[in-house]
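Heads up, start.csv below (CSV, C-alpha atoms):
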```csv
chain,number,residue,atom,x,y,z
U,1,MET,CA,60.4,76.7,181.0
U,2,ASN,CA,64.0,77.4,180.2
U,3,ASP,CA,65.3,80.4,178.2
U,4,PHE,CA,65.3,78.6,174.9
U,5,GLU,CA,61.7,77.4,175.3
U,6,ARG,CA,60.6,80.9,176.4
U,7,ASN,CA,62.4,82.6,173.4
U,8,LYS,CA,61.1,80.0,171.0
U,9,ALA,CA,57.5,80.4,172.2
U,10,TRP,CA,57.8,84.2,171.8
U,11,ALA,CA,59.2,83.9,168.3
U,12,ASP,CA,56.6,81.3,167.3
U,13,GLY,CA,54.0,83.8,168.4
U,14,HIS,CA,55.0,85.8,165.3
U,15,ARG,CA,54.0,83.1,162.8
U,16,ALA,CA,51.5,85.3,160.9
U,17,GLU,CA,54.2,88.0,160.5
U,18,ILE,CA,56.8,85.4,159.4
U,19,GLN,CA,54.4,84.0,156.8
U,20,LYS,CA,53.5,87.4,155.5
U,21,VAL,CA,57.1,88.4,155.0
U,22,LEU,CA,58.1,85.1,153.4
U,23,ARG,CA,55.1,85.2,151.0
U,24,GLN,CA,56.0,88.8,150.0
U,25,VAL,CA,59.7,87.9,149.4
U,26,ALA,CA,58.9,84.6,147.6
U,27,ALA,CA,56.5,86.3,145.2
U,28,ARG,CA,59.5,88.4,144.0
U,29,HIS,CA,61.3,85.2,143.1
U,30,LEU,CA,58.5,83.5,141.1
U,31,GLU,CA,59.1,82.9,137.4
U,32,VAL,CA,56.0,83.2,135.3
U,33,ASP,CA,56.5,81.9,131.7
U,34,THR,CA,54.1,81.4,128.8
U,35,SER,CA,53.6,77.7,128.3
U,36,SER,CA,54.3,76.0,125.1
U,37,PHE,CA,51.8,75.7,122.3
U,38,GLU,CA,51.4,72.0,123.1
U,39,ARG,CA,50.8,72.5,126.8
U,40,ASP,CA,48.3,75.2,126.0
U,41,THR,CA,46.3,73.3,123.4
U,42,GLN,CA,46.6,69.8,125.0
U,43,ASP,CA,46.6,70.6,128.7
U,44,ALA,CA,44.9,74.0,129.0
U,45,ILE,CA,48.1,75.4,130.6
U,46,ASP,CA,48.6,79.0,129.6
U,47,TYR,CA,51.3,80.0,132.1
U,48,GLU,CA,53.9,78.0,134.1
U,49,VAL,CA,54.9,79.4,137.5
U,50,ALA,CA,58.1,78.1,139.1
U,51,MET,CA,60.2,78.9,142.1
U,52,ARG,CA,63.0,76.9,143.4
U,53,GLU,CA,62.3,75.4,146.8
U,54,ARG,CA,63.8,77.5,149.6
U,55,ASN,CA,64.7,76.3,153.1
U,56,VAL,CA,64.4,79.1,155.6
U,57,ALA,CA,65.9,79.7,159.0
U,58,CYS,CA,64.3,82.3,161.1
U,59,ARG,CA,65.1,84.4,164.2
U,60,VAL,CA,62.8,87.0,165.8
U,61,ARG,CA,64.6,89.4,168.1
U,62,HIS,CA,63.1,92.0,170.4
U,63,VAL,CA,63.6,95.4,168.8
U,64,THR,CA,65.7,96.5,171.8
U,65,SER,CA,68.0,93.5,171.9
U,66,CYS,CA,71.7,94.1,171.1
U,67,GLY,CA,71.2,97.8,171.9
U,68,GLY,CA,68.8,98.1,169.0
U,69,LEU,CA,71.5,97.5,166.4
U,70,ARG,CA,70.4,96.0,163.0
U,71,GLU,CA,72.8,93.2,162.4
U,72,LEU,CA,72.7,89.4,161.8
U,73,THR,CA,73.9,87.6,164.9
U,74,LEU,CA,74.8,83.9,164.6
U,75,GLY,CA,75.5,81.6,167.5
U,76,THR,CA,79.1,80.2,167.2
U,77,SER,CA,79.1,77.9,170.1
U,78,LEU,CA,76.6,76.3,172.4
U,79,ARG,CA,77.4,73.9,175.2
U,80,GLY,CA,76.4,70.4,174.3
U,81,SER,CA,74.8,71.2,171.0
U,82,TRP,CA,75.6,72.1,167.4
U,83,SER,CA,76.0,75.8,167.1
U,84,GLU,CA,73.9,77.8,164.6
U,85,VAL,CA,77.0,78.5,162.5
U,86,MET,CA,77.8,74.8,162.3
U,87,LYS,CA,74.2,74.0,161.2
U,88,LEU,CA,74.3,76.7,158.6
U,89,ALA,CA,77.6,75.5,157.3
U,90,LYS,CA,76.0,72.1,156.4
U,91,GLY,CA,74.4,73.9,153.5
U,92,HIS,CA,70.7,73.1,154.0
U,93,VAL,CA,69.5,76.7,154.5
U,94,ASP,CA,68.9,79.0,151.6
U,95,TRP,CA,67.4,82.1,153.3
U,96,TYR,CA,67.5,83.4,156.8
U,97,LEU,CA,64.6,85.6,157.9
U,98,TYR,CA,65.9,87.9,160.6
U,99,ALA,CA,63.3,90.1,162.2
U,100,TRP,CA,63.0,92.6,165.0
U,101,SER,CA,59.7,92.9,166.8
U,102,ASP,CA,58.1,95.2,169.4
U,103,ASP,CA,56.1,92.2,170.7
U,104,ASP,CA,53.1,92.6,168.4
U,105,ARG,CA,54.6,93.1,165.0
U,106,PHE,CA,57.8,93.3,163.0
U,107,VAL,CA,59.5,96.7,163.2
U,108,ASP,CA,62.2,95.7,160.7
U,109,TRP,CA,63.2,92.5,158.9
U,110,MET,CA,65.7,91.2,156.4
U,111,VAL,CA,66.0,88.0,154.4
U,112,VAL,CA,69.6,86.9,154.0
U,113,ASP,CA,71.1,84.7,151.3
U,114,VAL,CA,72.9,82.1,153.5
U,115,PRO,CA,74.9,80.5,150.7
U,116,ARG,CA,76.3,83.9,149.7
U,117,VAL,CA,77.2,84.7,153.4
U,118,LEU,CA,79.1,81.4,153.5
U,119,ALA,CA,80.7,81.9,150.1
U,120,GLU,CA,81.8,85.4,150.9
U,121,GLY,CA,83.4,84.2,154.1
U,122,LEU,CA,81.5,86.8,156.2
U,123,ILE,CA,81.3,84.5,159.3
U,124,ASP,CA,84.9,83.5,159.0
U,125,ARG,CA,85.9,87.1,158.6
U,126,ALA,CA,83.9,88.1,161.7
U,127,MET,CA,85.6,85.3,163.7
U,128,GLU,CA,89.0,86.3,162.5
U,129,ASP,CA,88.3,89.9,163.4
U,130,ARG,CA,87.6,88.6,167.0
U,131,ARG,CA,84.1,90.0,167.0
U,132,GLU,CA,82.7,86.9,168.9
U,133,VAL,CA,80.6,88.0,171.8
U,134,PRO,CA,80.3,85.8,175.0
U,135,LEU,CA,76.9,85.1,176.6
U,136,PRO,CA,76.3,83.1,179.7
U,137,ARG,CA,76.0,79.7,177.9
U,138,SER,CA,77.1,80.5,174.4
U,139,TYR,CA,78.9,82.8,172.0
U,140,PHE,CA,77.7,84.7,168.9
U,141,VAL,CA,79.2,86.7,166.1
U,142,PRO,CA,77.6,89.8,164.6
U,143,ILE,CA,77.6,90.6,160.9
U,144,THR,CA,76.6,94.1,160.0
U,145,VAL,CA,73.9,95.1,157.5
U,146,ALA,CA,76.6,97.0,155.6
U,147,GLU,CA,78.8,93.9,155.3
U,148,LEU,CA,75.8,91.9,154.1
U,149,ALA,CA,74.9,94.6,151.6
U,150,ARG,CA,78.5,94.8,150.2
U,151,ALA,CA,78.4,91.0,149.7
U,152,ASP,CA,75.0,91.3,148.0
U,153,ALA,CA,73.6,88.9,150.6
U,154,ILE,CA,70.4,90.7,151.4
U,155,VAL,CA,67.6,89.2,149.4
U,156,ALA,CA,65.0,91.6,150.7
U,157,ALA,CA,64.5,93.9,153.7
U,158,SER,CA,61.7,96.0,155.1
U,159,TRP,CA,63.8,99.1,154.4
U,160,MET,CA,64.4,98.2,150.7
U,161,PRO,CA,61.8,99.1,148.0
```

Please go through the file and, once you have read it, give me the structure as C-alpha coordinates.
Amino acid sequence: MNDFERNKAWADGHRAEIQKVLRQVAARHLEVDTSSFERDTQDAIDYEVAMRERNVACRVRHVTSCGGLRELTLGTSLRGSWSEVMKLAKGHVDWYLYAWSDDDRFVDWMVVDVPRVLAEGLIDRAMEDRREVPLPRSYFVPITVAELARADAIVAASWMP
(Lines of atoms letter the chains of each structure in order from A and count residues from 1; the text may use other names and numbers.)
(Lines give C-alpha, C1' and ligand atoms only; values in the text may rest on other atoms or scores of the structure.)
Protein backbone atom coordinates (compact mmCIF):
# COMPACT_ATOMS: atom_id res chain seq x y z
CA MET A 1 0.00 0.00 0.00
CA ASN A 2 1.48 3.37 -1.00
CA ASP A 3 1.28 6.59 1.07
CA PHE A 4 -1.78 7.89 -0.80
CA GLU A 5 -3.71 4.64 -0.27
CA ARG A 6 -2.71 4.50 3.41
CA ASN A 7 -3.72 8.15 4.00
CA LYS A 8 -6.98 7.71 2.07
CA ALA A 9 -7.89 4.58 4.06
CA TRP A 10 -7.17 6.44 7.32
CA ALA A 11 -9.29 9.44 6.25
CA ASP A 12 -12.11 7.18 5.02
CA GLY A 13 -12.17 5.63 8.48
CA HIS A 14 -13.65 8.95 9.66
CA ARG A 15 -16.77 8.66 7.50
CA ALA A 16 -19.17 8.89 10.46
CA GLU A 17 -17.48 12.07 11.73
CA ILE A 18 -17.47 13.56 8.21
CA GLN A 19 -21.19 12.88 7.80
CA LYS A 20 -21.95 14.29 11.26
CA VAL A 21 -20.15 17.57 10.52
CA LEU A 22 -21.64 17.96 7.04
CA ARG A 23 -25.18 17.30 8.32
CA GLN A 24 -24.67 19.88 11.07
CA VAL A 25 -23.34 22.52 8.67
CA ALA A 26 -25.87 21.77 5.92
CA ALA A 27 -28.73 22.18 8.40
CA ARG A 28 -27.64 25.80 8.94
CA HIS A 29 -28.05 26.43 5.21
CA LEU A 30 -31.54 25.01 4.78
CA GLU A 31 -34.29 27.40 3.81
CA VAL A 32 -37.70 26.59 5.25
CA ASP A 33 -40.57 28.57 3.76
CA THR A 34 -44.31 28.37 4.20
CA SER A 35 -45.82 26.96 1.05
CA SER A 36 -48.37 28.78 -1.04
CA PHE A 37 -52.08 28.50 -0.36
CA GLU A 38 -52.45 26.42 -3.52
CA ARG A 39 -49.70 23.96 -2.59
CA ASP A 40 -51.16 23.63 0.90
CA THR A 41 -54.75 23.09 -0.15
CA GLN A 42 -54.06 21.04 -3.29
CA ASP A 43 -50.94 19.06 -2.41
CA ALA A 44 -50.92 19.04 1.42
CA ILE A 45 -47.53 20.80 1.44
CA ASP A 46 -47.24 23.15 4.40
CA TYR A 47 -43.53 23.93 4.20
CA GLU A 48 -40.94 23.86 1.45
CA VAL A 49 -37.38 23.03 2.41
CA ALA A 50 -34.58 23.92 0.02
CA MET A 51 -30.83 23.85 -0.05
CA ARG A 52 -28.61 24.35 -3.03
CA GLU A 53 -26.62 21.25 -3.87
CA ARG A 54 -23.12 21.42 -2.45
CA ASN A 55 -20.11 19.53 -3.73
CA VAL A 56 -17.65 18.90 -0.93
CA ALA A 57 -13.94 18.15 -0.89
CA CYS A 58 -12.57 16.71 2.33
CA ARG A 59 -9.23 16.23 4.01
CA VAL A 60 -8.63 14.67 7.40
CA ARG A 61 -5.22 15.40 8.90
CA HIS A 62 -3.69 13.98 12.04
CA VAL A 63 -3.90 16.54 14.83
CA THR A 64 -0.09 16.64 15.10
CA SER A 65 0.57 17.12 11.37
CA CYS A 66 2.13 20.42 10.27
CA GLY A 67 3.29 21.04 13.82
CA GLY A 68 -0.29 21.17 15.05
CA LEU A 69 -1.04 24.39 13.14
CA ARG A 70 -4.64 25.02 12.11
CA GLU A 71 -4.41 26.11 8.50
CA LEU A 72 -5.76 25.00 5.14
CA THR A 73 -3.00 23.30 3.18
CA LEU A 74 -3.55 22.69 -0.53
CA GLY A 75 -1.38 20.66 -2.87
CA THR A 76 0.07 22.88 -5.60
CA SER A 77 1.94 20.26 -7.60
CA LEU A 78 2.08 16.50 -7.79
CA ARG A 79 4.23 14.52 -10.17
CA GLY A 80 2.17 13.04 -12.99
CA SER A 81 -1.22 14.16 -11.68
CA TRP A 82 -3.47 17.17 -11.41
CA SER A 83 -2.69 19.10 -8.26
CA GLU A 84 -5.36 19.82 -5.69
CA VAL A 85 -5.21 23.54 -6.53
CA MET A 86 -5.69 22.78 -10.24
CA LYS A 87 -8.74 20.62 -9.46
CA LEU A 88 -10.27 23.25 -7.16
CA ALA A 89 -9.72 25.96 -9.81
CA LYS A 90 -12.02 24.02 -12.15
CA GLY A 91 -14.89 25.31 -10.00
CA HIS A 92 -16.71 22.09 -9.12
CA VAL A 93 -16.19 22.24 -5.34
CA ASP A 94 -18.36 24.46 -3.13
CA TRP A 95 -17.16 23.52 0.34
CA TYR A 96 -13.95 22.02 1.68
CA LEU A 97 -14.27 20.13 4.96
CA TYR A 98 -10.84 20.26 6.56
CA ALA A 99 -10.52 18.31 9.80
CA TRP A 100 -7.90 17.36 12.35
CA SER A 101 -8.24 14.00 14.10
CA ASP A 102 -6.56 12.24 16.99
CA ASP A 103 -7.27 8.90 15.22
CA ASP A 104 -10.69 8.28 16.77
CA ARG A 105 -12.53 11.57 16.42
CA PHE A 106 -12.24 15.09 15.06
CA VAL A 107 -10.45 17.43 17.42
CA ASP A 108 -11.15 20.47 15.21
CA TRP A 109 -12.71 21.05 11.81
CA MET A 110 -13.67 23.84 9.45
CA VAL A 111 -15.79 24.07 6.33
CA VAL A 112 -14.30 26.49 3.82
CA ASP A 113 -16.10 28.29 0.99
CA VAL A 114 -13.91 27.33 -1.99
CA PRO A 115 -15.38 29.83 -4.50
CA ARG A 116 -14.65 32.62 -2.01
CA VAL A 117 -11.07 31.38 -1.49
CA LEU A 118 -10.59 31.48 -5.26
CA ALA A 119 -12.35 34.84 -5.75
CA GLU A 120 -10.33 36.47 -2.96
CA GLY A 121 -7.10 35.18 -4.51
CA LEU A 122 -5.93 33.51 -1.30
CA ILE A 123 -4.11 30.71 -3.12
CA ASP A 124 -2.49 33.08 -5.60
CA ARG A 125 -1.42 35.40 -2.77
CA ALA A 126 0.14 32.52 -0.85
CA MET A 127 2.02 31.45 -3.98
CA GLU A 128 3.19 35.02 -4.64
CA ASP A 129 4.37 35.28 -1.03
CA ARG A 130 6.50 32.18 -1.70
CA ARG A 131 4.85 30.14 1.04
CA GLU A 132 4.93 26.95 -1.04
CA VAL A 133 6.36 24.07 1.01
CA PRO A 134 8.20 21.16 -0.64
CA LEU A 135 7.46 17.54 0.25
CA PRO A 136 9.21 14.47 -1.17
CA ARG A 137 6.88 14.11 -4.19
CA SER A 138 4.78 17.26 -4.12
CA TYR A 139 4.39 20.84 -2.91
CA PHE A 140 1.67 22.48 -0.86
CA VAL A 141 0.71 26.00 0.11
CA PRO A 142 -0.72 26.93 3.54
CA ILE A 143 -3.54 29.44 4.04
CA THR A 144 -4.02 30.52 7.65
CA VAL A 145 -7.30 30.52 9.50
CA ALA A 146 -6.86 34.26 10.00
CA GLU A 147 -6.62 34.80 6.23
CA LEU A 148 -9.70 32.64 5.66
CA ALA A 149 -11.62 34.56 8.35
CA ARG A 150 -10.65 37.97 6.90
CA ALA A 151 -11.91 36.79 3.50
CA ASP A 152 -15.15 35.53 5.12
CA ALA A 153 -14.34 32.10 3.67
CA ILE A 154 -15.09 30.01 6.76
CA VAL A 155 -18.64 28.65 6.46
CA ALA A 156 -18.49 26.94 9.86
CA ALA A 157 -15.88 25.62 12.28
CA SER A 158 -15.78 23.60 15.46
CA TRP A 159 -14.55 26.67 17.34
CA MET A 160 -17.37 28.91 16.05
CA PRO A 161 -20.76 29.08 17.80

(message) When you look at Ile18 in chain U with a cut-off of 9 Å (counting all atoms listed in the file), what residues show up, excluding the ones that are within fewer than 3 positions of it in the same chain? I need them as a list of chain:residue names.
(response) U:Asp12, U:His14, U:Arg15, U:Val21, U:Leu22, U:Arg23, U:Cys58, U:Val60, U:Leu97, U:Ala99, U:Phe106

Dump of C-alpha atoms for the selected residues, as a PDB file, in the coordinates of the input:
```pdb
ATOM      1  CA  ASP U  12      56.600  81.300 167.300  1.00  0.00           C
ATOM      2  CA  HIS U  14      55.000  85.800 165.300  1.00  0.00           C
ATOM      3  CA  ARG U  15      54.000  83.100 162.800  1.00  0.00           C
ATOM      4  CA  VAL U  21      57.100  88.400 155.000  1.00  0.00           C
ATOM      5  CA  LEU U  22      58.100  85.100 153.400  1.00  0.00           C
ATOM      6  CA  ARG U  23      55.100  85.200 151.000  1.00  0.00           C
ATOM      7  CA  CYS U  58      64.300  82.300 161.100  1.00  0.00           C
ATOM      8  CA  VAL U  60      62.800  87.000 165.800  1.00  0.00           C
ATOM      9  CA  LEU U  97      64.600  85.600 157.900  1.00  0.00           C
ATOM     10  CA  ALA U  99      63.300  90.100 162.200  1.00  0.00           C
ATOM     11  CA  PHE U 106      57.800  93.300 163.000  1.00  0.00           C
TER      12      PHE U 106
END
```

(request) Using all atoms listed in the file, find the one residue out of U:His29, U:Arg59, U:Arg105, U:His92 that sits nearest to Ala16 in chain U. (result) U:Arg105

(request) For Val145 in chain U, work out the shell of residues within 7 Å, counting all atoms listed in the file and skipping chain neighbours fewer than 3 positions away, then give it as an NGL selection string. (result) :U and (70-71 or 148-149)

(request) Grab the CA of Arg61 in chain U to CA of Val107 in chain U distance for me, in Å with one decimal place. (result) 10.2 Å

(request) May I have the residues within 8 Å of range 111-128 of chain U as a list in words, using only C-alpha atoms and disregarding those fewer than 5 positions away in the same chain? (result)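 Result of the neighbour search: Leu88, Ala89, Gly91, Val93, Asp94, Trp95, Tyr96, Leu97, Tyr98, Val141, Pro142, Ile143, Glu147, Leu148, Ala151, Asp152, Ala153, Ile154, Val155, Ala156 and Ala157 of chain U.
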
(message) Can you tell me which residues surround Ser81 in chain U at a distance of at most 12 Å, considering only C-alpha atoms, apart from same-chain residues fewer than 6 positions away, and format the answer as a list in words?
(response) Gly75, Lys87, Arg137 and Ser138 of chain U

(request) Work out how far apart CA of Asn55 in chain U and CA of Ala9 in chain U are and give it in Å to one decimal. (result)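 Atom-to-atom, CA of Asn55 in chain U to CA of Ala9 in chain U, that is 20.8 Å.
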
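One distance worth recording is that between CA of Ala27 in chain U and CA of Thr73 in chain U, which is 26.3 Å.
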
(message) When you look at Leu30 in chain U with a cut-off of 12 Å (counting only C-alpha atoms), what residues show up, excluding the ones that are within fewer than 6 positions of it in the same chain? I need them as a PyMOL selection string.
(response) chain U and resi 23-24+48-54

Can I get the selected residues back with C-alpha atoms, as a tab-separated table (two decimals), keeping the file's coordinate frame?
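The resulting file, again.tsv, is reproduced below:
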```tsv
chain	number	residue	atom	x	y	z
U	23	ARG	CA	55.10	85.20	151.00
U	24	GLN	CA	56.00	88.80	150.00
U	48	GLU	CA	53.90	78.00	134.10
U	49	VAL	CA	54.90	79.40	137.50
U	50	ALA	CA	58.10	78.10	139.10
U	51	MET	CA	60.20	78.90	142.10
U	52	ARG	CA	63.00	76.90	143.40
U	53	GLU	CA	62.30	75.40	146.80
U	54	ARG	CA	63.80	77.50	149.60
```
